[in-house]
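What follows is a short report on a single structure.
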Amino acid sequence: MFSRLQAAAASVSITGWLVAAGLLSLALRLWIAATFPITGDEAFFYWWGVYPDWGYYDHPPMVGWLIALMRATLGDSTWAIRLPVVLLPLALGGLVGWALAPLGRERAAWAVLFFWLAPLNWLNTLITTDTPLIFWSVLSVALVLRAERRERMDRSAWLQYALAGVALACAFLSKYFSVVLGLTYLVYFALYRRERWPAFVLLVLCALPGPAINIAYNMSHGWSNIMFNLYNRNEGAAFAWNKPLLYAAMLLYLATPVVAWLAWTQRSALAAASRQQRLLACVVLVPLLFFALLSLKKVVGLHWVLSFYPFGFALLAFALPKDKLRACALGMALFAGLHVIAVAGLYASSLDNWKSTKLYPQIIRSYKTGEMLAQVATPGVVLMASAYTPASIYGYTLKQYVPVFGPGNFHARQDDMLVDFSLYQGKTVRIIRMDAPQLDDYRPYFDSVQVLRYAQDGVPFYAVEGRGFNYAAYREGVLAIIYKRFYNIPPWLPMTACPFCERLCGQVRCQ
């Protein structure tokens with residue numbers, strides 16, 4: 001099979017492949033970014049850009065800073081907010097090519113091509129905390145790769161190691177998975193480059209401002225990042241056989257079937273390339289092993305491994321025999337083409353084609369948000385939602401923050417930092433729901449409640465209208481429960497402030 005693929009691709013130059021893959025994938029990403037409605041996660045992060053801070057409840061601040069920058073320069077449009085992730089594959093390809101050029105320009109070009117042909121780089125236009133994490137992580141690795149090619153520890157080498165540390169600090173201010181990159185550097189220098197241990201120390205010192213900023217934020221915000229990432233989100237995590245199997249299936253998809261097949265059939269060449277390119281091998285294998293261990297208890301998200309994704313293709317590009325490179329590229333192109341056809345099919349469909357599916361209510365909520373809200377909104381009434389995803393989407397559409405009424409979930413609790421429910425004392429509130437509400441859940445917090453029924457494109461939705469909001473009752477019945485569930489802060493953690501606690505009980509740490 002691969003001999004036929006090789007013959008079909010033999011007449012195409014690597015430059016032509018790169019231009020075609022780069023431009024065509026960019027055009028598709030731009031189209032999707034401009035036409036696909038805002039998702040719940042993106043709408044949630046949008047508000048981080050509206051209210052820039054040194055951190056947020058769930059994660060460090062970098063994606064909020066990025067969205068704030070896009071809003072300040074290009075405005076509030078969805079495509080503008082998504083532009084960084086649309087351009088991200090081009091930037092990563094440039095960094096990979098620059099980092100690997102000293103090892104061989106032709107092989108570096110194949111590494112970039114393989115990465116650009118991965119289907120994910122044709123379809124992903126959703127901005128998340130991973131967008132800046134991926135960029136800063138790849139930049140850090142690229143700088144270390146260049147520094148490692150310098151035979152002497154001259155001024156340029158020291159500068160590149162230092163800048164790699166600064167990039168690692170920025171990665172840490174994007175997402176905590178940057179710690180895996182730090183672990184990778186530790187393994188590499190400890191096993192293979194102990195003579196350059198001072199360079200590793202410099203790298204770490206230059207990375208320390210990232211954790212320092214994050215610790216200062218957590219001390220003044222009830223250690224919300226720690227409570228979320230180490231405690232609240234891991235309740236009930238237990239071993240299950242399907243979790244490592246899902247991880248393996250995810251890696252197979254990300255690598256693409258043709259790459260997985262070639263990696264297996266050329267495993268001896270891949271092992272030899274790993275011995276020659278030890279830093280590349282560490283950047284690929286250490287994270288894969290780390291997430292494999294994590295998968296024994298957690299479902300590993302597809303986006304978790306993307307900071308190291310480009311370097312897997314780089315290792316493959318230096319391992320494959322010359323006669324397999326073009327066959328690999330053509331196989332990946334065919335696999336990406338199937339995804340493009342699927343996207344074209346989705347865009348050719350209409351909303352009516354989805355009426356019989358379970359997704360239809362969510363699709364209507366995303367595509368007809370403005371029409372839905374026009375039915376519910378009325379002067380003098382405060383709009384709220386029953387969960388964080390719809391609240392974020394409604395707020396993005398209205399360009400007005402929409403709070404969540406009730407305890408919510410352990411995810412996305414930025415409400416705790418932003419919303420002071422005492423300001424709604426005595427007001428009329430409408431809580432939008434996609435399912436029929438139980439009024440008994442709302443009666444304790446209002447003088448009177450009623451259900452308002454609506455429909456949008458055949459999808460029923462509801463609003464609980466509560467008149468005369470009772471903050472004191474809500475404080476005891478909801479906010480106190482939130483505190484017990486999500487703010488059980490270990491007493492040994494020092495605190496300088498906690499916005500949620502201070503509103504609840506007037507103290508930094510509630511009793």
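Naming works like this for the structure tokens: A, B, ... for the chains as they're shown, residue 1 at the start of each chain, ligands 1 onward in shown order.
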
- Task: Write out as a list in words which residues come within 8 Å of stretch 301-314 of chain A when counting only C-alpha atoms, dropping same-chain ones fewer than 6 positions away.
- Result: Leu92, Val96, Ala108, Trp110, Ala111, Val112, Phe114, Phe115, Asp130, Leu133, Ile134, Phe135, Ser137, Val138, Phe177, Met250, Leu280, Val283, Val284, Pro287, Leu288 and Phe291 of chain A

Stretch 399-469 of chain A: residues DSSP assigns to strand (DSSP E or B), reported as a PDB file with N, CA, C and O atoms, in the first residue's frame:
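Saved the output as selection.pdb:
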ATOM      1  N   VAL A 404     -25.009  33.008  37.752  1.00  0.00           N
ATOM      2  CA  VAL A 404     -25.617  31.691  37.912  1.00  0.00           C
ATOM      3  C   VAL A 404     -26.348  31.658  39.245  1.00  0.00           C
ATOM      4  O   VAL A 404     -25.782  31.984  40.285  1.00  0.00           O
ATOM      5  N   THR A 428     -36.531  41.661  41.096  1.00  0.00           N
ATOM      6  CA  THR A 428     -37.173  40.576  40.358  1.00  0.00           C
ATOM      7  C   THR A 428     -36.121  39.899  39.477  1.00  0.00           C
ATOM      8  O   THR A 428     -35.388  40.572  38.748  1.00  0.00           O
ATOM      9  N   VAL A 429     -36.052  38.592  39.562  1.00  0.00           N
ATOM     10  CA  VAL A 429     -35.030  37.811  38.859  1.00  0.00           C
ATOM     11  C   VAL A 429     -35.712  36.777  37.975  1.00  0.00           C
ATOM     12  O   VAL A 429     -36.704  36.160  38.378  1.00  0.00           O
ATOM     13  N   ARG A 430     -35.185  36.594  36.776  1.00  0.00           N
ATOM     14  CA  ARG A 430     -35.640  35.505  35.901  1.00  0.00           C
ATOM     15  C   ARG A 430     -34.464  34.562  35.653  1.00  0.00           C
ATOM     16  O   ARG A 430     -33.436  34.983  35.100  1.00  0.00           O
ATOM     17  N   ILE A 431     -34.638  33.307  36.056  1.00  0.00           N
ATOM     18  CA  ILE A 431     -33.591  32.295  35.895  1.00  0.00           C
ATOM     19  C   ILE A 431     -33.965  31.423  34.706  1.00  0.00           C
ATOM     20  O   ILE A 431     -34.967  30.696  34.743  1.00  0.00           O
ATOM     21  N   ILE A 432     -33.165  31.500  33.645  1.00  0.00           N
ATOM     22  CA  ILE A 432     -33.463  30.768  32.400  1.00  0.00           C
ATOM     23  C   ILE A 432     -33.021  29.324  32.533  1.00  0.00           C
ATOM     24  O   ILE A 432     -31.913  29.027  32.983  1.00  0.00           O
ATOM     25  N   ARG A 433     -33.905  28.419  32.132  1.00  0.00           N
ATOM     26  CA  ARG A 433     -33.614  26.983  32.187  1.00  0.00           C
ATOM     27  C   ARG A 433     -34.050  26.328  30.880  1.00  0.00           C
ATOM     28  O   ARG A 433     -35.027  26.760  30.254  1.00  0.00           O
ATOM     29  N   PHE A 446     -37.428  33.920  47.470  1.00  0.00           N
ATOM     30  CA  PHE A 446     -38.214  35.005  46.883  1.00  0.00           C
ATOM     31  C   PHE A 446     -39.532  35.157  47.636  1.00  0.00           C
ATOM     32  O   PHE A 446     -40.024  34.214  48.263  1.00  0.00           O
ATOM     33  N   ASP A 447     -40.125  36.340  47.487  1.00  0.00           N
ATOM     34  CA  ASP A 447     -41.460  36.540  48.048  1.00  0.00           C
ATOM     35  C   ASP A 447     -42.490  35.721  47.288  1.00  0.00           C
ATOM     36  O   ASP A 447     -43.443  35.206  47.882  1.00  0.00           O
ATOM     37  N   SER A 448     -42.312  35.611  45.953  1.00  0.00           N
ATOM     38  CA  SER A 448     -43.214  34.803  45.131  1.00  0.00           C
ATOM     39  C   SER A 448     -42.462  34.315  43.907  1.00  0.00           C
ATOM     40  O   SER A 448     -41.509  34.960  43.448  1.00  0.00           O
ATOM     41  N   VAL A 449     -42.878  33.163  43.374  1.00  0.00           N
ATOM     42  CA  VAL A 449     -42.234  32.599  42.179  1.00  0.00           C
ATOM     43  C   VAL A 449     -43.296  32.076  41.222  1.00  0.00           C
ATOM     44  O   VAL A 449     -44.381  31.657  41.645  1.00  0.00           O
ATOM     45  N   GLN A 450     -42.973  32.100  39.937  1.00  0.00           N
ATOM     46  CA  GLN A 450     -43.835  31.501  38.918  1.00  0.00           C
ATOM     47  C   GLN A 450     -42.971  31.018  37.760  1.00  0.00           C
ATOM     48  O   GLN A 450     -41.833  31.473  37.587  1.00  0.00           O
ATOM     49  N   VAL A 451     -43.522  30.100  36.969  1.00  0.00           N
ATOM     50  CA  VAL A 451     -42.806  29.570  35.806  1.00  0.00           C
ATOM     51  C   VAL A 451     -43.324  30.258  34.549  1.00  0.00           C
ATOM     52  O   VAL A 451     -44.544  30.303  34.319  1.00  0.00           O
ATOM     53  N   LEU A 452     -42.404  30.781  33.750  1.00  0.00           N
ATOM     54  CA  LEU A 452     -42.740  31.345  32.445  1.00  0.00           C
ATOM     55  C   LEU A 452     -42.269  30.361  31.372  1.00  0.00           C
ATOM     56  O   LEU A 452     -41.139  29.887  31.424  1.00  0.00           O
ATOM     57  N   ARG A 453     -43.143  30.071  30.418  1.00  0.00           N
ATOM     58  CA  ARG A 453     -42.837  29.071  29.390  1.00  0.00           C
ATOM     59  C   ARG A 453     -42.659  29.751  28.036  1.00  0.00           C
ATOM     60  O   ARG A 453     -43.454  30.610  27.654  1.00  0.00           O
ATOM     61  N   TYR A 454     -41.609  29.308  27.316  1.00  0.00           N
ATOM     62  CA  TYR A 454     -41.305  29.873  26.012  1.00  0.00           C
ATOM     63  C   TYR A 454     -40.971  28.733  25.047  1.00  0.00           C
ATOM     64  O   TYR A 454     -40.836  27.569  25.437  1.00  0.00           O
ATOM     65  N   ALA A 455     -40.799  29.095  23.776  1.00  0.00           N
ATOM     66  CA  ALA A 455     -40.336  28.131  22.768  1.00  0.00           C
ATOM     67  C   ALA A 455     -39.540  28.872  21.710  1.00  0.00           C
ATOM     68  O   ALA A 455     -39.853  30.027  21.373  1.00  0.00           O
ATOM     69  N   GLN A 456     -38.495  28.208  21.218  1.00  0.00           N
ATOM     70  CA  GLN A 456     -37.675  28.763  20.143  1.00  0.00           C
ATOM     71  C   GLN A 456     -37.405  27.678  19.124  1.00  0.00           C
ATOM     72  O   GLN A 456     -36.781  26.668  19.435  1.00  0.00           O
ATOM     73  N   VAL A 459     -38.215  24.296  20.323  1.00  0.00           N
ATOM     74  CA  VAL A 459     -37.560  23.840  21.548  1.00  0.00           C
ATOM     75  C   VAL A 459     -38.149  24.607  22.742  1.00  0.00           C
ATOM     76  O   VAL A 459     -38.052  25.842  22.796  1.00  0.00           O
ATOM     77  N   PRO A 460     -38.765  23.904  23.687  1.00  0.00           N
ATOM     78  CA  PRO A 460     -39.294  24.604  24.867  1.00  0.00           C
ATOM     79  C   PRO A 460     -38.166  25.010  25.810  1.00  0.00           C
ATOM     80  O   PRO A 460     -37.170  24.314  25.942  1.00  0.00           O
ATOM     81  N   PHE A 461     -38.318  26.163  26.426  1.00  0.00           N
ATOM     82  CA  PHE A 461     -37.431  26.547  27.520  1.00  0.00           C
ATOM     83  C   PHE A 461     -38.233  27.375  28.511  1.00  0.00           C
ATOM     84  O   PHE A 461     -39.380  27.757  28.254  1.00  0.00           O
ATOM     85  N   TYR A 462     -37.642  27.617  29.656  1.00  0.00           N
ATOM     86  CA  TYR A 462     -38.412  28.157  30.777  1.00  0.00           C
ATOM     87  C   TYR A 462     -37.628  29.261  31.471  1.00  0.00           C
ATOM     88  O   TYR A 462     -36.417  29.393  31.319  1.00  0.00           O
ATOM     89  N   ALA A 463     -38.357  30.024  32.253  1.00  0.00           N
ATOM     90  CA  ALA A 463     -37.735  30.988  33.164  1.00  0.00           C
ATOM     91  C   ALA A 463     -38.503  30.960  34.477  1.00  0.00           C
ATOM     92  O   ALA A 463     -39.735  31.003  34.483  1.00  0.00           O
ATOM     93  N   VAL A 464     -37.764  30.832  35.562  1.00  0.00           N
ATOM     94  CA  VAL A 464     -38.363  30.985  36.884  1.00  0.00           C
ATOM     95  C   VAL A 464     -38.311  32.466  37.224  1.00  0.00           C
ATOM     96  O   VAL A 464     -37.224  33.043  37.322  1.00  0.00           O
ATOM     97  N   GLU A 465     -39.486  33.088  37.351  1.00  0.00           N
ATOM     98  CA  GLU A 465     -39.528  34.489  37.738  1.00  0.00           C
ATOM     99  C   GLU A 465     -39.741  34.580  39.243  1.00  0.00           C
ATOM    100  O   GLU A 465     -40.773  34.167  39.770  1.00  0.00           O
ATOM    101  N   GLY A 466     -38.752  35.102  39.927  1.00  0.00           N
ATOM    102  CA  GLY A 466     -38.843  35.292  41.365  1.00  0.00           C
ATOM    103  C   GLY A 466     -38.928  36.766  41.702  1.00  0.00           C
ATOM    104  O   GLY A 466     -38.078  37.549  41.282  1.00  0.00           O
ATOM    105  N   ARG A 467     -39.924  37.137  42.447  1.00  0.00           N
ATOM    106  CA  ARG A 467     -40.107  38.540  42.841  1.00  0.00           C
ATOM    107  C   ARG A 467     -39.682  38.712  44.292  1.00  0.00           C
ATOM    108  O   ARG A 467     -40.007  37.900  45.143  1.00  0.00           O
ATOM    109  N   GLY A 468     -38.978  39.816  44.547  1.00  0.00           N
ATOM    110  CA  GLY A 468     -38.545  40.107  45.904  1.00  0.00           C
ATOM    111  C   GLY A 468     -37.459  39.162  46.391  1.00  0.00           C
ATOM    112  O   GLY A 468     -37.655  38.376  47.313  1.00  0.00           O
ATOM    113  N   PHE A 469     -36.278  39.226  45.760  1.00  0.00           N
ATOM    114  CA  PHE A 469     -35.163  38.348  46.131  1.00  0.00           C
ATOM    115  C   PHE A 469     -34.758  38.583  47.584  1.00  0.00           C
ATOM    116  O   PHE A 469     -34.585  39.726  48.013  1.00  0.00           O
TER     117      PHE A 469
END

- Message: Env of A:Ala269: 7 Å cut, atoms = only C-alpha atoms, seq-sep filter 4 positions within chain, self excluded. Answer as number ranges by chain.
- Response: A: 273, 319-320

- For A:Val286, list every protein, DNA or RNA residue within 10 Å, evaluated using only C-alpha atoms, and leave out those in the same chain fewer than 2 positions away; present the list as a PyMOL selection string. chain A and resi 180-181+183-185+187-188+281-284+288-292+308

- Query: Which one of A:Arg485, A:Arg149, A:Arg443, A:Lys399 sits closest to A:Ser77 if you count only C-alpha atoms?
  - Reply: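 Residue with the minimum atom-to-atom distance to A:Ser77: A:Lys399.
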
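For the set A:Asn409, A:Thr496, A:Thr256, A:Gln276, the residue with the smallest atom-to-atom gap to A:Ile482 is A:Asn409, counting only C-alpha atoms.
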
- Message: Nearest residue to A:Ala27 out of A:Val86, A:Val144, A:Leu338, A:Ile81, using only C-alpha atoms?
- Response: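 Looking at the shortest contact to A:Ala27, the residue is A:Val86.
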
- Message: So the first atom is atom CA of A:Leu245 and the second is atom CA of A:Ala263; what is the distance between them in Å, to one decimal place?
- Response: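 Computed distance, atom CA of A:Leu245 to atom CA of A:Ala263, equals 19.1 Å.
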
- Which polymer residues have any atom within 12 Å of an atom of stretch 488-494 of chain A, counting only C-alpha atoms, with same-chain residues fewer than 2 positions away left out, as a ChimeraX atom specification? /A:215-228,230-232,480-486,496-498,501,508-511

- Message: What's around A:Ala33 at 10 Å? Count only C-alpha atoms, leave out sequence neighbours fewer than 3 positions away in its own chain, and write the answer as JSON, numbers by chain.
- Response: {"A": [27, 28, 29, 30, 36, 37, 38, 78, 79, 80, 81, 82, 83, 85, 86, 123, 124, 125, 126, 127]}

- Message: Considering only helix (DSSP H, G or I) as DSSP defines it on the backbone, what residues of stretch 152-369 of chain A qualify? List them as JSON, numbers by chain.
- Response: {"A": [155, 156, 157, 158, 159, 160, 161, 162, 163, 164, 165, 166, 167, 168, 169, 170, 171, 172, 178, 179, 180, 181, 182, 183, 184, 185, 186, 187, 188, 189, 190, 191, 192, 194, 195, 196, 197, 198, 199, 200, 201, 202, 203, 204, 205, 206, 207, 209, 210, 211, 212, 213, 214, 215, 216, 217, 218, 219, 224, 225, 226, 227, 228, 229, 230, 231, 232, 233, 234, 242, 243, 244, 245, 246, 247, 248, 249, 250, 251, 252, 253, 254, 255, 257, 258, 259, 260, 261, 262, 263, 264, 265, 267, 268, 269, 270, 271, 272, 273, 274, 275, 276, 278, 279, 280, 281, 282, 283, 284, 285, 286, 287, 288, 289, 290, 291, 292, 293, 294, 302, 303, 304, 305, 309, 310, 311, 312, 313, 314, 315, 316, 317, 318, 319, 322, 323, 324, 325, 326, 327, 328, 329, 330, 331, 332, 333, 334, 335, 336, 337, 338, 339, 340, 341, 342, 343, 344, 345, 346, 347, 348, 351, 352, 353, 354, 360, 361, 362, 363, 364, 365, 366, 367, 369]}

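In terms of minimum interatomic distance to A:Gly55, A:Ala212 ranks closest within A:Leu168, A:Leu74, A:Cys206, A:Ala212, counting only C-alpha atoms.
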